[in-house]
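Novice: target.txt is the file, holding compact mmCIF, C-alpha atoms:
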```
# COMPACT_ATOMS: atom_id res chain seq x y z
CA ASP F 7 29.75 7.78 14.71
CA VAL F 8 26.91 6.05 12.85
CA ALA F 9 23.88 4.99 14.90
CA GLY F 10 26.07 4.76 17.99
CA SER F 11 28.87 2.77 16.36
CA ALA F 12 32.33 4.09 15.48
CA VAL F 13 33.05 3.54 11.79
CA ILE F 14 35.65 4.75 9.31
CA MET F 15 34.01 6.11 6.19
CA VAL F 16 36.05 6.50 2.99
CA ASP F 17 34.72 8.96 0.44
CA THR F 18 36.07 7.80 -2.92
CA ALA F 19 36.77 9.80 -6.05
CA GLY F 20 34.03 7.92 -7.85
CA LEU F 21 33.85 5.35 -10.59
CA GLU F 22 34.29 6.63 -14.11
CA GLU F 23 34.77 4.82 -17.41
CA SER F 24 38.13 5.91 -18.83
CA ALA F 25 41.14 4.90 -20.91
CA PRO F 26 44.06 3.12 -19.16
CA GLY F 27 46.78 5.38 -17.78
CA THR F 28 44.56 8.45 -17.44
CA ILE F 29 43.89 10.24 -14.15
CA PRO F 30 40.27 8.99 -14.10
CA SER F 31 41.60 5.47 -14.63
CA ARG F 32 43.92 5.79 -11.61
CA MET F 33 41.06 7.24 -9.58
CA ARG F 34 38.94 4.23 -10.50
CA LYS F 35 41.67 1.83 -9.35
CA GLN F 36 41.86 3.62 -6.01
CA THR F 37 38.10 3.31 -5.67
CA GLU F 38 38.26 -0.42 -6.44
CA THR F 39 41.02 -0.84 -3.84
CA ALA F 40 38.90 0.96 -1.26
CA MET F 41 35.96 -1.36 -2.02
CA ARG F 42 38.07 -4.49 -1.62
CA SER F 43 39.38 -3.35 1.77
CA ALA F 44 35.98 -2.19 3.07
CA ASP F 45 33.58 -4.13 5.29
CA LEU F 46 30.61 -2.49 3.61
CA VAL F 47 30.09 -0.64 0.32
CA LEU F 48 27.60 2.21 -0.09
CA PHE F 49 26.78 2.41 -3.79
CA VAL F 50 25.25 5.85 -4.47
CA VAL F 51 23.16 6.64 -7.54
CA ASP F 52 21.51 9.89 -8.63
CA ALA F 53 17.77 9.22 -8.49
CA ARG F 54 16.94 12.36 -10.45
CA GLU F 55 19.16 11.29 -13.33
CA GLY F 56 17.80 7.75 -13.22
CA ILE F 57 19.84 4.59 -13.76
CA VAL F 58 22.32 4.98 -16.61
CA PRO F 59 24.44 2.24 -18.27
CA ALA F 60 27.49 3.23 -16.21
CA ASP F 61 25.52 2.56 -12.99
CA ALA F 62 24.77 -0.98 -14.15
CA ALA F 63 28.42 -1.55 -15.08
CA PHE F 64 29.70 -0.31 -11.74
CA ALA F 65 27.04 -2.30 -9.87
CA ARG F 66 28.60 -5.41 -11.42
CA LEU F 67 31.97 -4.31 -9.99
CA VAL F 68 30.39 -4.05 -6.55
CA HIS F 69 28.94 -7.55 -6.97
CA ALA F 70 32.36 -8.84 -8.00
CA THR F 71 33.96 -7.68 -4.73
CA GLY F 72 31.69 -10.02 -2.79
CA LYS F 73 31.34 -7.31 -0.14
CA PRO F 74 28.03 -6.47 1.55
CA ALA F 75 26.54 -3.44 -0.18
CA ILE F 76 23.79 -0.92 0.42
CA LEU F 77 22.25 0.80 -2.58
CA VAL F 78 21.70 4.49 -1.80
CA ALA F 79 19.40 6.52 -4.06
CA ASN F 80 20.25 10.18 -3.49
CA LYS F 81 18.15 13.25 -4.50
CA CYS F 82 14.90 11.39 -3.84
CA GLU F 83 12.92 14.47 -2.89
CA GLY F 84 9.87 14.87 -5.15
CA ARG F 85 8.27 12.56 -7.70
CA ARG F 86 11.13 12.73 -10.20
CA GLY F 87 13.52 11.39 -7.60
CA LEU F 88 11.15 8.57 -6.64
CA ASP F 89 10.93 7.42 -10.28
CA GLY F 90 14.72 7.05 -10.35
CA MET F 91 14.63 5.22 -7.04
CA TYR F 92 12.24 2.64 -8.52
CA GLU F 93 14.63 2.12 -11.45
CA ALA F 94 17.43 1.33 -8.99
CA PHE F 95 15.84 -2.06 -8.20
CA SER F 96 17.17 -3.26 -11.57
CA LEU F 97 20.76 -3.09 -10.26
CA GLY F 98 20.21 -6.19 -8.15
CA LEU F 99 21.75 -4.69 -4.99
CA GLY F 100 18.62 -5.06 -2.89
CA ASP F 101 16.24 -2.40 -1.62
CA PRO F 102 17.47 1.08 -2.55
CA VAL F 103 17.54 3.41 0.46
CA PRO F 104 16.01 6.70 -0.71
CA ILE F 105 17.64 9.79 0.78
CA SER F 106 18.10 13.47 0.14
CA ALA F 107 21.57 14.39 1.38
CA GLU F 108 20.84 18.07 0.75
CA HIS F 109 17.64 18.07 2.81
CA GLY F 110 18.76 15.51 5.40
CA GLU F 111 15.91 13.13 4.54
CA GLY F 112 16.26 9.38 4.95
CA ILE F 113 19.58 9.58 6.80
CA GLY F 114 18.16 7.81 9.85
CA ASP F 115 17.04 4.86 7.73
CA LEU F 116 20.47 4.70 6.11
CA GLU F 117 22.26 4.77 9.48
CA MET F 118 20.12 1.90 10.74
CA ASP F 119 20.83 -0.13 7.59
CA ILE F 120 24.57 0.51 7.95
CA ALA F 121 24.51 -0.61 11.58
CA ALA F 122 22.54 -3.75 10.68
CA ALA F 123 24.88 -4.61 7.79
CA LEU F 124 27.90 -4.28 10.10
CA GLY F 125 26.25 -6.41 12.76
CA GLU F 126 26.03 -3.51 15.19
CA LYS F 127 23.08 -2.66 17.42
CA PRO F 128 22.09 0.98 16.80
CA LEU F 129 21.61 3.27 19.77
CA ALA F 130 18.44 5.33 19.46
CA SER F 131 19.96 8.13 21.53
CA ASP F 132 22.73 8.58 18.97
CA VAL F 133 20.50 8.84 15.92
CA ALA F 134 19.92 12.53 15.41
CA THR F 135 18.18 12.69 12.04
CA GLY F 136 16.16 10.65 9.63
CA SER F 137 12.88 8.80 9.38
CA ASP F 138 13.13 6.29 12.20
CA THR F 139 10.62 6.30 15.01
CA ASN F 140 13.46 6.38 17.55
CA ALA F 141 15.12 9.26 15.76
CA THR F 142 12.05 11.43 16.10
CA THR F 143 12.46 11.46 19.88
CA ILE F 144 15.67 13.46 19.39
CA ARG F 145 15.02 15.69 16.40
CA PRO F 146 12.12 18.16 16.56
CA LEU F 147 9.01 17.10 14.69
CA ARG F 148 8.62 19.68 11.89
CA VAL F 149 5.05 20.93 11.46
CA ALA F 150 4.01 23.56 8.89
CA ILE F 151 0.85 25.58 9.57
CA VAL F 152 -0.61 26.56 6.19
CA GLY F 153 -3.82 27.91 4.68
CA ARG F 154 -5.43 30.84 2.94
CA PRO F 155 -4.71 34.35 4.24
CA ASN F 156 -6.48 35.39 7.44
CA VAL F 157 -7.79 31.99 8.54
CA GLY F 158 -6.04 32.25 11.92
CA LYS F 159 -2.70 30.51 11.36
CA SER F 160 -0.63 32.93 13.47
CA THR F 161 -3.31 33.00 16.18
CA LEU F 162 -3.14 29.21 16.30
CA VAL F 163 0.66 29.22 16.62
CA ASN F 164 0.47 31.80 19.43
CA ALA F 165 -2.14 29.69 21.21
CA LEU F 166 -0.01 26.56 20.93
CA LEU F 167 3.08 28.41 22.20
CA GLY F 168 1.16 30.15 24.97
CA GLU F 169 2.61 33.54 24.07
CA GLU F 170 2.32 36.28 21.45
CA ARG F 171 5.17 35.25 19.16
CA MET F 172 3.44 36.08 15.87
CA ILE F 173 1.83 39.36 14.79
CA THR F 174 -1.92 38.88 14.35
CA GLY F 175 -4.78 41.04 13.21
CA PRO F 176 -7.75 41.25 10.82
CA GLU F 177 -5.59 42.45 7.92
CA PRO F 178 -4.66 39.59 5.55
CA GLY F 179 -0.98 39.09 4.79
CA LEU F 180 0.57 40.17 8.11
CA THR F 181 2.84 37.12 8.03
CA ARG F 182 5.35 37.46 5.19
CA ASP F 183 7.93 34.78 5.98
CA ALA F 184 7.83 31.23 7.29
CA ILE F 185 8.67 31.69 10.99
CA ALA F 186 9.84 28.76 13.15
CA ALA F 187 9.22 28.35 16.87
CA ASP F 188 9.68 25.31 19.13
CA LEU F 189 7.01 23.85 21.40
CA VAL F 190 7.51 21.04 23.93
CA TRP F 191 4.37 18.93 24.29
CA GLN F 192 4.27 15.79 26.45
CA GLY F 193 8.06 15.57 26.29
CA ARG F 194 8.12 15.89 22.50
CA THR F 195 9.73 18.88 20.78
CA ILE F 196 7.62 20.18 17.91
CA ARG F 197 8.95 22.86 15.58
CA LEU F 198 6.08 24.96 14.26
CA PHE F 199 6.41 26.89 11.01
CA ASP F 200 3.93 29.73 10.76
CA THR F 201 3.60 30.55 7.07
CA ALA F 202 2.22 33.31 4.92
CA GLY F 203 -1.26 32.65 3.54
CA LEU F 204 -1.15 31.01 0.12
CA ARG F 205 -3.02 32.91 -2.57
CA ARG F 206 -3.58 32.08 -6.21
CA LYS F 207 -0.73 33.38 -8.35
CA ALA F 208 -3.00 35.88 -10.09
CA LYS F 209 -3.76 37.49 -6.72
CA VAL F 210 -0.18 37.70 -5.45
CA ASP F 211 0.76 41.39 -5.30
CA GLY F 212 4.26 42.62 -4.62
CA ILE F 213 7.64 40.99 -4.14
CA ALA F 214 7.18 40.49 -0.36
CA GLU F 215 4.02 38.47 -0.79
CA TRP F 216 5.54 36.47 -3.66
CA LEU F 217 8.50 35.60 -1.41
CA GLY F 218 6.05 34.66 1.35
CA ASN F 219 4.33 32.18 -0.96
CA THR F 220 7.73 30.74 -1.92
CA ASP F 221 8.65 30.30 1.76
CA THR F 222 5.31 28.60 2.42
CA ILE F 223 5.91 26.05 -0.33
CA ARG F 224 9.43 25.47 0.99
CA ALA F 225 8.05 24.97 4.52
CA ILE F 226 5.64 22.32 3.21
CA ARG F 227 8.52 20.49 1.54
CA PHE F 228 10.65 20.50 4.70
CA ALA F 229 7.78 19.63 7.05
CA GLU F 230 6.85 16.15 8.18
CA VAL F 231 3.25 16.98 9.07
CA VAL F 232 1.28 19.84 7.54
CA VAL F 233 -1.71 21.36 9.34
CA LEU F 234 -4.11 22.90 6.82
CA VAL F 235 -6.12 25.56 8.65
CA VAL F 236 -9.56 26.33 7.20
CA ASP F 237 -12.14 28.88 8.28
CA ALA F 238 -15.32 27.25 9.62
CA GLU F 239 -17.34 30.18 8.26
CA ARG F 240 -15.93 29.66 4.72
CA PRO F 241 -14.64 26.07 4.71
CA PHE F 242 -12.93 24.38 1.79
CA GLU F 243 -12.94 27.05 -0.83
CA LYS F 244 -11.10 26.24 -4.04
CA GLN F 245 -7.80 27.55 -2.67
CA ASP F 246 -8.04 25.29 0.41
CA LEU F 247 -8.38 22.25 -1.84
CA THR F 248 -5.52 23.43 -4.06
CA ILE F 249 -3.28 23.67 -0.99
CA GLY F 250 -4.42 20.19 0.08
CA ASP F 251 -3.46 18.81 -3.33
CA MET F 252 -0.04 20.49 -3.04
CA ILE F 253 0.57 18.90 0.38
CA ALA F 254 -0.40 15.47 -0.98
CA ASP F 255 1.82 15.88 -4.04
CA GLU F 256 4.76 16.65 -1.73
CA GLY F 257 4.01 13.43 0.16
CA ARG F 258 3.41 15.03 3.56
CA ALA F 259 1.04 13.83 6.28
CA ILE F 260 -2.05 16.08 6.44
CA ILE F 261 -4.22 17.28 9.31
CA VAL F 262 -7.12 19.69 8.71
CA ALA F 263 -7.77 22.15 11.56
CA ILE F 264 -11.24 23.70 11.30
CA ASN F 265 -10.76 27.05 13.00
CA LYS F 266 -13.46 29.29 14.56
CA TRP F 267 -15.47 26.18 15.45
CA ASP F 268 -17.11 28.03 18.35
CA LEU F 269 -19.01 30.12 15.77
CA VAL F 270 -20.67 27.07 14.16
CA THR F 271 -24.29 26.41 15.16
CA ASP F 272 -25.02 22.93 13.78
CA LYS F 273 -21.68 21.28 14.48
CA GLN F 274 -22.65 17.68 13.70
CA LYS F 275 -24.07 18.51 10.28
CA MET F 276 -21.10 20.69 9.33
CA LEU F 277 -18.60 18.03 10.41
CA LYS F 278 -20.45 15.42 8.34
CA ASP F 279 -20.53 17.72 5.30
CA LEU F 280 -16.83 18.58 5.64
CA ARG F 281 -15.84 14.91 5.87
CA GLU F 282 -17.75 14.20 2.67
CA THR F 283 -16.10 17.14 0.94
CA VAL F 284 -12.60 16.06 1.97
CA GLY F 285 -13.28 12.45 0.99
CA GLU F 286 -14.42 13.50 -2.48
CA ARG F 287 -12.07 16.41 -3.25
CA LEU F 288 -8.89 15.02 -1.66
CA ALA F 289 -9.57 11.42 -2.59
CA GLN F 290 -5.87 10.64 -3.12
CA VAL F 291 -5.37 10.80 0.67
CA GLN F 292 -8.25 8.98 2.30
CA GLY F 293 -8.88 9.28 6.05
CA ILE F 294 -7.60 12.84 6.60
CA LEU F 295 -8.45 13.74 10.18
CA LEU F 296 -10.55 16.87 10.74
CA VAL F 297 -9.91 18.56 14.09
CA PRO F 298 -12.33 21.32 15.17
CA ILE F 299 -10.51 24.08 17.05
CA SER F 300 -10.83 27.65 18.20
CA ALA F 301 -7.41 29.28 18.11
CA LEU F 302 -8.70 32.48 19.74
CA ALA F 303 -10.40 30.61 22.60
CA GLU F 304 -7.55 28.04 22.74
CA ARG F 305 -9.89 25.07 22.38
CA GLY F 306 -9.09 21.73 20.74
CA LEU F 307 -5.33 22.30 20.84
CA ASP F 308 -4.43 19.05 22.65
CA LYS F 309 -6.51 17.04 20.17
CA LEU F 310 -4.74 18.80 17.32
CA LEU F 311 -1.29 17.96 18.70
CA GLN F 312 -2.33 14.35 19.34
CA ALA F 313 -3.44 14.13 15.72
CA VAL F 314 -0.12 15.61 14.53
CA VAL F 315 1.94 13.06 16.46
CA ALA F 316 -0.28 10.18 15.30
CA ALA F 317 -0.03 11.32 11.67
CA ASN F 318 3.75 11.46 11.92
CA ASP F 319 3.86 7.92 13.33
CA THR F 320 1.74 6.70 10.41
CA TRP F 321 3.93 8.60 7.93
CA ASN F 322 6.96 6.74 9.34
CA ARG F 323 5.30 3.31 9.44
CA ARG F 324 7.15 0.38 7.87
CA ILE F 325 5.25 -2.83 7.15
CA PRO F 326 7.21 -6.10 7.40
CA THR F 327 7.58 -7.72 3.98
CA PRO F 328 5.91 -11.05 4.96
CA GLU F 329 2.82 -9.20 6.26
CA LEU F 330 2.75 -7.03 3.16
CA ASN F 331 2.80 -10.01 0.83
CA ARG F 332 0.15 -11.88 2.83
CA TRP F 333 -2.09 -8.84 2.43
CA LEU F 334 -1.25 -8.69 -1.30
CA GLN F 335 -2.37 -12.28 -1.92
CA GLU F 336 -5.60 -11.69 0.01
CA ALA F 337 -6.31 -8.43 -1.82
CA MET F 338 -5.78 -10.04 -5.23
CA ALA F 339 -7.94 -13.02 -4.23
CA ARG F 340 -10.80 -10.66 -3.26
CA HIS F 341 -10.52 -8.65 -6.46
CA ALA F 342 -8.49 -10.09 -9.32
CA ALA F 343 -6.23 -7.82 -11.32
CA PRO F 344 -7.28 -6.92 -14.88
CA SER F 345 -6.07 -8.73 -17.98
CA SER F 346 -3.50 -7.38 -20.40
CA ARG F 347 -3.21 -8.77 -23.91
CA GLY F 348 -5.49 -11.64 -22.94
CA ARG F 349 -3.55 -12.69 -19.83
CA ARG F 350 -4.30 -11.88 -16.20
CA ILE F 351 -1.71 -9.62 -14.55
CA LYS F 352 -0.33 -11.09 -11.34
CA ILE F 353 1.74 -9.10 -8.86
CA ARG F 354 4.25 -11.65 -7.59
CA PHE F 355 5.98 -9.72 -4.84
CA MET F 356 5.77 -6.39 -3.04
CA THR F 357 8.22 -4.53 -0.82
CA GLN F 358 8.30 -1.20 1.00
CA PRO F 359 11.59 0.54 0.17
CA SER F 360 10.87 3.68 2.15
CA THR F 361 8.67 5.61 4.54
CA ARG F 362 7.90 9.35 4.66
CA PRO F 363 5.51 8.79 2.88
CA PRO F 364 4.98 5.01 2.89
CA THR F 365 6.22 3.85 -0.52
CA PHE F 366 5.60 0.41 -2.02
CA VAL F 367 6.88 -1.37 -5.12
CA GLY F 368 5.17 -4.38 -6.68
CA PHE F 369 6.82 -6.65 -9.25
CA CYS F 370 4.84 -8.21 -12.07
CA GLN F 371 4.89 -8.92 -15.78
CA ARG F 372 3.10 -6.43 -18.05
CA ALA F 373 3.22 -3.74 -15.36
CA ASP F 374 2.35 -1.14 -17.98
CA GLY F 375 -1.01 -2.88 -18.52
CA MET F 376 -2.21 -2.32 -14.94
CA THR F 377 -5.14 0.08 -14.73
CA GLU F 378 -5.20 3.14 -12.48
CA ASP F 379 -8.48 1.90 -10.97
CA TYR F 380 -6.82 -1.30 -9.78
CA LYS F 381 -3.88 0.64 -8.35
CA ARG F 382 -6.36 2.80 -6.40
CA TYR F 383 -8.04 -0.37 -5.14
CA LEU F 384 -4.71 -1.68 -3.89
CA VAL F 385 -3.80 1.62 -2.21
CA ASN F 386 -7.18 1.90 -0.47
CA SER F 387 -7.03 -1.76 0.62
CA LEU F 388 -3.49 -1.27 1.88
CA ARG F 389 -4.50 1.86 3.78
CA LYS F 390 -7.42 0.07 5.45
CA ALA F 391 -5.56 -3.16 6.24
CA PHE F 392 -2.62 -1.43 7.93
CA ASP F 393 -4.48 1.58 9.37
CA MET F 394 -2.74 4.39 7.50
CA PRO F 395 -5.23 7.27 7.31
CA GLY F 396 -4.32 10.80 6.32
CA VAL F 397 -0.97 10.15 4.64
CA PRO F 398 -0.15 9.83 0.93
CA ILE F 399 0.75 6.31 -0.15
CA ARG F 400 3.01 5.78 -3.15
CA LEU F 401 2.58 2.57 -5.18
CA GLN F 402 4.74 1.77 -8.20
CA LEU F 403 4.62 -1.39 -10.28
CA ARG F 404 7.80 -2.60 -11.94
CA LYS F 405 8.28 -5.28 -14.54
CA GLY F 406 9.96 -8.47 -13.38
CA GLN F 407 10.00 -11.21 -10.81
CA ASN F 408 10.85 -10.83 -7.14
CA PRO F 409 14.34 -9.26 -7.43
CA PHE F 410 15.31 -10.44 -3.95
CA ALA F 411 14.49 -14.12 -4.38
CA LYS F 412 17.51 -16.40 -4.40
CA ASP F 413 18.23 -18.26 -7.61
```
What would the structure in this file look like if it were written as structure tokens?
Specialist:
Amino acid sequence: DVAGSAVIMVDTAGLEESAPGTIPSRMRKQTETAMRSADLVLFVVDAREGIVPADAAFARLVHATGKPAILVANKCEGRRGLDGMYEAFSLGLGDPVPISAEHGEGIGDLEMDIAAALGEKPLASDVATGSDTNATTIRPLRVAIVGRPNVGKSTLVNALLGEERMITGPEPGLTRDAIAADLVWQGRTIRLFDTAGLRRKAKVDGIAEWLGNTDTIRAIRFAEVVVLVVDAERPFEKQDLTIGDMIADEGRAIIVAINKWDLVTDKQKMLKDLRETVGERLAQVQGILLVPISALAERGLDKLLQAVVAANDTWNRRIPTPELNRWLQEAMARHAAPSSRGRRIKIRFMTQPSTRPPTFVGFCQRADGMTEDYKRYLVNSLRKAFDMPGVPIRLQLRKGQNPFAKD
């Protein structure tokens, strides 16, 4: 069952270059037979390995069948995987669908693409995983609660759950493992991961605390939204900002919960100062929402959960290609791209191959000559035009014309 439609999926032995008469050669023939008899071909590449000559050769075989095909880029978790996904555009099989089969990421997008390619209408109630907005109504929204030790993470989780599920106290380091608990809020199931406080490596003492830090990093990678809890009495110390950078590098949506807000005297001034600090020190993710809370007094919790749900919706947002390219032409008209080797660089086409986080690829000649400043301009303009605050945005430029334009 794929997106509510019954399909027969054939897992082939794989395509391998080999001498005639060998076992790999016979396996290849069986794979080619399966492709010819299929209604749809899923061509899977290893994004971490990148596109190798054999991938290009086998992509030509898929083209030769004349069958509809979906290019699937597996192992796309992390930056290394995304680089390989960008390379997959060169195969000429359309937008690669980035997934992580091991982590279950991107499966919802792939199911929807399969249903669309087969002419089926997907049923939202049957999509159990993945990055689709409909899918998130079934699968719990995964939220990691992170921060320095003793900033009130476990107290916040207890307040959200309405019961004492986590051990709390003034001693730092009471939480050793990432602990999951489910919360139902306004009909939405949210899975909270209470994590051990992240310390600098030099200050990590003992195997239990080292394992706790490892679990915290793993929780960030498996989360969809990460709530960074900071202490209003000691806000945004170096370690807070380091954790924020880590969340952004993992591509997760970020919310900052300013705990112990009831102890702040001049609230307006502090909020203004904190916004400036976040804007300057976490500049790669503009528009991070700051939510003042008091976990102990259970204040600001609804606003925090509203912000979490909104951040997840933004993280899953897909922009239609025509709108994206209209924005691109306007952005380049307002501020022309720099020159490379005496000629102005022009981005001819842009597409969004994936969400979670929103990821965009632009095609142009002399892509290697584009400056980082101009890329930042495009990202900030894109964020403002399509209202995408508080989530990392990935932008990659590739050499070439629009790969999806018909000859």
Novice: For Ala229 in chain F, please output as a PDB file with C-alpha atoms, in the frame of the given file all residues within 9 Å (counting all atoms listed in the file; exclusion window: fewer than 4 positions along the same chain).
Specialist:
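The resulting file, selection34.pdb, is shown below:
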```pdb
ATOM      1  CA  LEU F 147       9.010  17.100  14.690  1.00  0.00           C
ATOM      2  CA  ARG F 148       8.620  19.680  11.890  1.00  0.00           C
ATOM      3  CA  VAL F 149       5.050  20.930  11.460  1.00  0.00           C
ATOM      4  CA  ALA F 150       4.010  23.560   8.890  1.00  0.00           C
ATOM      5  CA  PHE F 199       6.410  26.890  11.010  1.00  0.00           C
ATOM      6  CA  ARG F 224       9.430  25.470   0.990  1.00  0.00           C
ATOM      7  CA  ALA F 225       8.050  24.970   4.520  1.00  0.00           C
ATOM      8  CA  ARG F 258       3.410  15.030   3.560  1.00  0.00           C
ATOM      9  CA  ALA F 259       1.040  13.830   6.280  1.00  0.00           C
TER      10      ALA F 259
END
```
Novice: Near Lys405 in chain F, within 9 Å and counting only C-alpha atoms, which residues show up once chain neighbours fewer than 3 positions away are dropped, as an mmCIF file with C-alpha atoms, in the frame of the given file?
Specialist:
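Contents of out04.cif, as written:
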```cif
data_model
loop_
_atom_site.group_PDB
_atom_site.id
_atom_site.type_symbol
_atom_site.label_atom_id
_atom_site.label_comp_id
_atom_site.auth_asym_id
_atom_site.auth_seq_id
_atom_site.Cartn_x
_atom_site.Cartn_y
_atom_site.Cartn_z
ATOM 1 C CA GLY F 368 5.170 -4.380 -6.680
ATOM 2 C CA PHE F 369 6.820 -6.650 -9.250
ATOM 3 C CA CYS F 370 4.840 -8.210 -12.070
ATOM 4 C CA GLN F 371 4.890 -8.920 -15.780
ATOM 5 C CA ARG F 372 3.100 -6.430 -18.050
ATOM 6 C CA ALA F 373 3.220 -3.740 -15.360
ATOM 7 C CA ASP F 374 2.350 -1.140 -17.980
#
```
Novice: Near Pro241 in chain F, within 12 Å and counting all atoms listed in the file, which residues show up once chain neighbours fewer than 6 positions away are dropped, as a PyMOL selection string?
Specialist: chain F and resi 153-154+157+234-235+247+262-267+270+276-277+279-281+283-284+296+298
Novice: So what do you get for CA of Thr365 in chain F versus CA of Thr327 in chain F, distance-wise?
Specialist: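 CA of Thr365 in chain F sits 12.5 Å away from CA of Thr327 in chain F.
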Novice: Please, what distance in Å, to one decimal, runs between CA of Glu243 in chain F and CA of Leu310 in chain F?
Specialist: 21.6 Å
Novice: Extract, using all atoms listed in the file, all DNA, RNA and protein residues at most 8 Å from Phe49 in chain F, discarding same-chain residues fewer than 6 positions from it, and format them as a count of residues only.
Specialist: 6
Novice: Out of F:Lys352, F:Gly293, F:Lys73, F:Glu329, which residue has the shortest atom-to-atom distance to Lys390 in chain F when counting all atoms listed in the file?
Specialist: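 Closest to Lys390 in chain F, using all atoms listed in the file: F:Gly293.
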Novice: What's the 12 Å shell around Ser43 in chain F, counting all atoms listed in the file, without same-chain residues fewer than 2 positions away, as a PyMOL selection string?
Specialist: chain F and resi 14-16+36-41+45-47+71-74
Novice: Between CA of Ala122 in chain F and CA of His109 in chain F, measure the distance and give it in Å to one decimal.
Specialist: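 Those two atoms sit 23.7 Å apart.
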Novice: Between F:Val397, F:Met33, F:Leu198, F:Ala316, single out the one closest to Glu256 in chain F, counting only C-alpha atoms.
Specialist: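 Checking each of F:Val397, F:Met33, F:Leu198, F:Ala316 against Glu256 in chain F, counting only C-alpha atoms, the winner is F:Val397.
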